[in-house]
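run-v1.txt (compact mmCIF, C-alpha atoms)
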```txt
# COMPACT_ATOMS: atom_id res chain seq x y z
CA ILE R 2 89.30 114.36 90.02
CA ILE R 3 86.34 114.41 92.41
CA ARG R 4 86.88 116.04 95.81
CA LEU R 5 84.62 115.46 98.80
CA GLU R 6 84.62 118.23 101.41
CA GLY R 7 83.01 118.35 104.84
CA HIS R 8 80.88 121.16 106.28
CA ASP R 9 84.00 122.87 107.67
CA GLY R 10 85.54 123.03 104.21
CA HIS R 11 88.21 120.42 104.91
CA GLU R 12 88.73 117.83 102.20
CA LEU R 13 87.79 114.31 103.28
CA THR R 14 88.75 112.22 100.29
CA ARG R 15 89.62 112.49 96.64
CA PHE R 16 88.69 110.21 93.75
CA TYR R 17 90.72 110.30 90.59
CA MET R 18 90.84 108.51 87.28
CA GLY R 19 93.69 108.26 84.82
CA THR R 20 93.56 108.59 81.07
CA VAL R 21 90.46 107.20 79.36
CA THR R 22 90.91 106.17 75.73
CA ALA R 23 88.22 105.09 73.27
CA THR R 24 88.94 104.10 69.67
CA LEU R 25 86.84 102.98 66.72
CA GLN R 26 88.12 101.92 63.30
CA VAL R 27 85.61 100.91 60.63
CA LYS R 28 86.43 99.68 57.11
CA VAL R 29 84.25 99.66 54.03
CA ASP R 30 84.19 95.84 53.95
CA GLY R 31 82.26 95.78 57.24
CA SER R 32 85.16 94.88 59.49
CA PHE R 33 85.87 97.07 62.49
CA ARG R 34 87.88 97.38 65.67
CA ALA R 35 86.71 99.13 68.83
CA GLY R 36 88.66 99.65 72.01
CA PHE R 37 88.37 101.19 75.45
CA SER R 38 90.98 101.59 78.15
CA LEU R 39 91.25 103.20 81.59
CA SER R 40 94.79 103.75 82.81
CA SER R 41 94.19 103.96 86.58
CA VAL R 42 91.77 104.71 89.41
CA GLY R 43 92.34 105.71 93.01
CA VAL R 44 90.90 107.11 96.21
CA VAL R 45 92.99 109.16 98.68
CA ASP R 46 92.44 109.18 102.46
CA LEU R 47 92.73 112.77 103.74
CA VAL R 48 91.27 112.37 107.24
CA THR R 49 93.50 109.73 108.87
CA GLU R 50 96.53 111.59 110.28
CA GLY R 51 99.80 109.72 109.85
CA THR R 52 98.17 106.93 107.85
CA LEU R 53 100.36 104.23 106.39
CA PHE R 54 97.81 103.81 103.58
CA PRO R 55 97.36 107.25 101.97
CA ARG R 56 95.67 105.61 98.99
CA VAL R 57 92.80 103.41 100.09
CA VAL R 58 92.01 102.45 96.49
CA GLN R 59 94.69 102.12 93.85
CA SER R 60 95.37 100.21 90.66
CA LEU R 61 98.22 97.72 90.84
CA ILE R 62 99.69 98.07 87.38
CA ALA R 63 103.24 97.74 86.08
CA THR R 64 105.10 101.01 85.60
CA ASP R 65 108.26 101.90 83.77
CA ALA R 66 109.84 105.25 84.61
CA GLY R 67 106.48 106.55 85.77
CA ILE R 68 104.69 105.52 82.57
CA ASP R 69 101.85 103.04 82.82
CA THR R 70 102.58 99.94 80.77
CA LYS R 71 99.26 98.27 81.49
CA SER R 72 95.76 99.69 81.79
CA THR R 73 93.49 99.04 84.73
CA LEU R 74 90.65 98.18 82.37
CA SER R 75 91.01 97.31 78.70
CA VAL R 76 88.36 96.18 76.22
CA ASP R 77 89.13 95.29 72.61
CA LEU R 78 86.55 94.08 70.08
CA GLN R 79 87.41 93.11 66.52
CA GLN R 80 85.27 91.80 63.69
CA THR R 81 86.45 90.55 60.32
CA LYS R 82 84.64 91.14 57.05
CA ARG R 83 83.04 87.67 57.25
CA GLY R 84 81.69 88.37 60.73
CA ASP R 85 84.20 86.52 62.94
CA GLN R 86 84.52 88.31 66.26
CA ASP R 87 87.37 88.55 68.74
CA LEU R 88 86.66 90.04 72.18
CA THR R 89 89.38 90.60 74.77
CA ILE R 90 88.73 92.04 78.23
CA SER R 91 91.41 92.54 80.86
CA LEU R 92 91.16 93.99 84.36
CA ALA R 93 94.18 94.73 86.51
CA ALA R 94 94.15 94.17 90.25
CA VAL R 95 92.85 96.94 92.48
CA GLU R 96 93.93 97.26 96.11
CA ILE R 97 91.17 98.33 98.50
CA VAL R 98 92.05 99.33 102.06
CA ALA R 99 89.34 99.42 104.73
CA SER R 100 90.47 102.51 106.62
CA PRO R 101 88.43 102.64 109.87
CA VAL R 102 88.69 106.42 110.36
CA LEU R 103 87.79 107.22 106.76
CA LEU R 104 84.87 104.80 106.73
CA ARG R 105 83.42 106.27 109.94
CA THR R 106 83.90 109.82 108.62
CA LEU R 107 82.15 109.02 105.34
CA ALA R 108 79.30 107.28 107.21
CA ARG R 109 78.70 110.42 109.30
CA PHE R 110 79.01 112.64 106.24
CA PHE R 111 76.34 110.84 104.25
CA ALA R 112 74.10 110.34 107.28
CA GLU R 113 73.87 114.05 108.06
CA ASP R 114 71.28 116.25 106.37
CA GLY R 115 72.72 118.55 103.76
CA GLY R 116 75.85 116.48 103.51
CA GLY R 117 76.45 117.86 100.04
CA VAL R 118 75.37 114.78 98.16
CA VAL R 119 74.17 115.69 94.68
CA ALA R 120 71.02 113.87 93.67
CA VAL R 121 70.74 112.81 90.04
CA HIS R 122 67.20 112.59 88.66
CA ALA R 123 66.80 110.35 85.64
CA ALA R 124 63.91 110.38 83.21
CA PRO R 125 61.28 107.68 83.88
CA LEU R 126 61.67 104.46 81.94
CA PRO R 127 59.08 103.51 79.31
CA THR R 128 56.20 101.44 80.64
CA ASN R 129 57.20 98.46 78.49
CA PHE R 130 60.90 98.69 79.36
CA LEU R 131 60.78 95.71 81.73
CA LYS R 132 58.20 93.75 79.77
CA PRO R 133 59.12 90.06 80.08
CA ASP R 134 59.54 89.25 76.40
CA ASP R 135 62.29 87.63 74.36
CA SER R 136 64.19 90.93 74.07
CA THR R 137 64.86 91.01 77.82
CA ASP R 138 65.37 87.26 78.28
CA LEU R 139 69.11 86.62 78.36
CA SER R 140 68.80 82.92 77.59
CA ALA R 141 66.60 83.69 74.58
CA GLN R 142 69.13 86.23 73.30
CA LEU R 143 71.94 83.69 73.63
CA ALA R 144 69.87 81.08 71.78
CA VAL R 145 69.15 83.51 68.94
CA ALA R 146 72.83 84.48 68.70
CA TRP R 147 73.87 80.81 68.68
CA LYS R 148 71.33 79.95 65.98
CA GLU R 149 72.58 82.80 63.81
CA LYS R 150 76.14 81.67 64.36
CA VAL R 151 75.30 78.11 63.27
CA LYS R 152 73.76 79.37 60.03
CA SER R 153 76.60 81.73 59.14
CA GLN R 154 79.45 79.57 60.54
CA LYS R 155 80.98 82.60 62.22
CA SER R 156 83.56 82.12 64.93
CA TRP R 157 83.70 83.74 68.33
CA ASP R 158 86.93 84.14 70.26
CA ILE R 159 86.39 85.48 73.77
CA ARG R 160 89.14 86.06 76.31
CA CYS R 161 88.47 87.59 79.71
CA GLU R 162 91.37 88.05 82.12
CA ILE R 163 90.51 89.40 85.55
CA ASN R 164 92.89 90.13 88.40
CA ALA R 165 90.44 90.17 91.29
CA PRO R 166 90.59 92.96 93.91
CA ILE R 167 92.93 92.68 96.88
CA PHE R 168 91.28 93.67 100.16
CA VAL R 169 93.42 95.01 103.00
CA VAL R 170 91.74 95.23 106.43
CA PRO R 171 94.09 96.74 109.05
CA SER R 172 93.14 97.06 112.71
CA SER R 173 94.91 100.43 112.60
CA CYS R 174 96.19 102.49 109.67
CA THR R 175 98.77 104.35 111.78
CA ASP R 176 100.41 101.56 113.77
CA PRO R 177 103.17 99.73 111.85
CA GLY R 178 102.74 96.71 114.12
CA ALA R 179 98.96 96.47 113.79
CA THR R 180 97.35 93.21 112.74
CA THR R 181 96.28 93.32 109.10
CA LEU R 182 94.10 90.94 107.14
CA ILE R 183 94.90 90.68 103.43
CA LEU R 184 92.48 88.90 101.12
CA ASP R 185 93.77 88.24 97.61
CA MET R 186 90.97 86.99 95.35
CA GLY R 187 93.46 85.64 92.81
CA HIS R 188 93.56 85.63 89.03
CA LEU R 189 90.66 84.56 86.84
CA LEU R 190 90.97 83.66 83.15
CA PHE R 191 88.08 82.78 80.87
CA HIS R 192 88.95 81.79 77.31
CA SER R 193 86.80 80.06 74.72
CA ILE R 194 88.43 77.01 73.19
CA SER R 195 87.96 74.90 70.04
CA SER R 196 86.99 71.62 71.67
CA ASP R 197 83.93 69.64 72.62
CA PRO R 198 81.91 71.51 75.24
CA PRO R 199 80.55 69.74 78.36
CA PRO R 200 77.44 67.58 77.84
CA GLN R 201 75.37 69.98 79.95
CA LEU R 202 76.25 72.87 77.63
CA MET R 203 75.53 70.79 74.52
CA GLY R 204 72.12 69.79 75.88
CA TRP R 205 71.23 73.37 76.72
CA PHE R 206 71.94 74.63 73.20
CA GLU R 207 70.28 71.64 71.56
CA GLY R 208 67.12 72.42 73.50
CA LYS R 209 67.14 76.01 72.25
CA VAL R 210 67.84 75.58 68.53
CA ASP R 211 65.56 73.97 65.98
CA MET R 212 65.78 70.19 65.80
CA GLY R 213 66.54 70.39 62.09
CA SER R 214 69.62 72.56 62.55
CA SER R 215 72.98 70.87 62.96
CA VAL R 216 75.27 72.37 65.59
CA ASP R 217 78.93 72.52 64.61
CA TYR R 218 80.49 72.51 68.07
CA TRP R 219 84.00 72.66 66.70
CA ARG R 220 83.26 76.15 65.43
CA PHE R 221 82.31 77.42 68.88
CA GLU R 222 85.57 79.23 69.62
```

Now, as a test, write the supplied structure out as structure tokens.
Amino acid sequence: IIRLEGHDGHELTRFYMGTVTATLQVKVDGSFRAGFSLSSVGVVDLVTEGTLFPRVVQSLIATDAGIDTKSTLSVDLQQTKRGDQDLTISLAAVEIVASPVLLRTLARFFAEDGGGVVAVHAAPLPTNFLKPDDSTDLSAQLAVAWKEKVKSQKSWDIRCEINAPIFVVPSSCTDPGATTLILDMGHLLFHSISSDPPPQLMGWFEGKVDMGSSVDYWRFE
């Protein structure tokens, strides 16, 4: 839990995170499974008196008797002994409330000198860190990965399920009859499939791999 206090010692807001879990299982045959999950996140409004939205940021996850049955963020990566990979990413919806009083208070807090903001100084990056070579070119990395996949005939199975954030913009957080704008960004699902890709995608990969290499599109899963 991270607490933010003003100069008078009163708490302005509170940021909290639920249980974070990281797992890694590796077998002698080279297969492995790695996972990461975050149960919940939230931000509490402590400056708006009588607010109808005490939590301005909260995870919208299913609960059963107070026990989370779904994580806010979940990442699962598996690889078989032959190199086939299965990646699953899921993100639960997060409700974000634009509380006018809290936003103005935070703006004043960070604008004032000595607002209590802790500065983090990082070590300088190497001089060649941003050198424009193949290692930093995303398209080149994808082409190399695709070429290696074609040679080894490994399969990729990628599933990404995202419940986009829900934005709530009330004209007042204390008036039950206030006008409120709710913007639901919907549900996004990306899943690789075993079928012919679009011609544009086929042309892009064909331009990246060697002309002598055959591309088995049915194995692009």

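Relative to CA of Ala94 (chain R), CA of Ser173 (chain R) is found at 23.2 Å.
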
(request) Identify, on the basis of only C-alpha atoms, every residue whose closest approach to Gly19 (chain R) does not exceed 10 Å; exclude the query and any residue fewer than 4 positions from it along the same chain; express the result as a PyMOL selection string. (result) chain R and resi 2+38-43+69+72-73

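Minimum distance to Cys161 (chain R) across R:Thr175, R:Ala108, R:Leu53, R:Leu88 (counting all atoms listed in the file) occurs at R:Leu88.
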
What lies within 8 Å of Ala23 (chain R) using all atoms listed in the file, ignoring chain neighbours under 6 positions off, as a tab-separated table (two decimals) with C-alpha atoms, keeping the file's coordinate frame?
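Here's the written file selection25.tsv:
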```
chain	number	residue	atom	x	y	z
R	35	ALA	CA	86.71	99.13	68.83
R	36	GLY	CA	88.66	99.65	72.01
R	37	PHE	CA	88.37	101.19	75.45
R	38	SER	CA	90.98	101.59	78.15
```

(request) Provide the CA of Val98 (chain R) to CA of Arg15 (chain R) distance in Å, to one decimal place. (result) 14.4 Å

(request) Could you jot down the CA of Ile62 (chain R) to CA of Pro171 (chain R) separation for me, Å, one decimal place? (result) 22.4 Å

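Considering only C-alpha atoms, the residue among R:Val57, R:Val29, R:Val48, R:Ile90 positioned nearest to Asp158 (chain R) is R:Ile90.
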
(message) What's around Thr106 (chain R) at 12 Å? Count all atoms listed in the file, leave out sequence neighbours fewer than 6 positions away in its own chain, and write the answer as a VMD selection string.
(response) chain R and resid 5 to 8 12 to 14 46 to 49 100 112 to 113 116

Test item: axis-aligned box, all listed atoms of region 171-185 of chain R, 5 Å on each side, centre and edges in Å rounded to one decimal, as JSON:
```
{"center_x": 97.8, "center_y": 96.3, "center_z": 105.9, "size_x": 20.7, "size_y": 26.1, "size_z": 26.5}
```

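Minimum atom-to-atom distance to Ile97 (chain R), evaluated using all atoms listed in the file, belongs to R:Asp185 out of R:Asp176, R:Asp185, R:Glu162, R:Asp77.
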
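Nearest to Ile3 (chain R) of all the residues R:Val76, R:Met18, R:Ala165, R:Leu61 is R:Met18, counting all atoms listed in the file.
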
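Of the residues listed (R:Ile159, R:Val44, R:Ala93, R:Val170), R:Ala93 shows the shortest atom-to-atom separation from Gly187 (chain R); distances use all atoms listed in the file.
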
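Minimum atom-to-atom distances from R:Arg105, R:Lys71, R:His192, R:Arg34 to Asp85 (chain R) were compared using only C-alpha atoms, and the lowest value belongs to R:Arg34.
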
(request) Identify the residues around (87.9, 93.0, 83.3) within a radius of 6 Å, measuring from only C-alpha atoms in the coordinates stated by the file, and give them as a ChimeraX atom specification. (result) /R:74,90-92,163
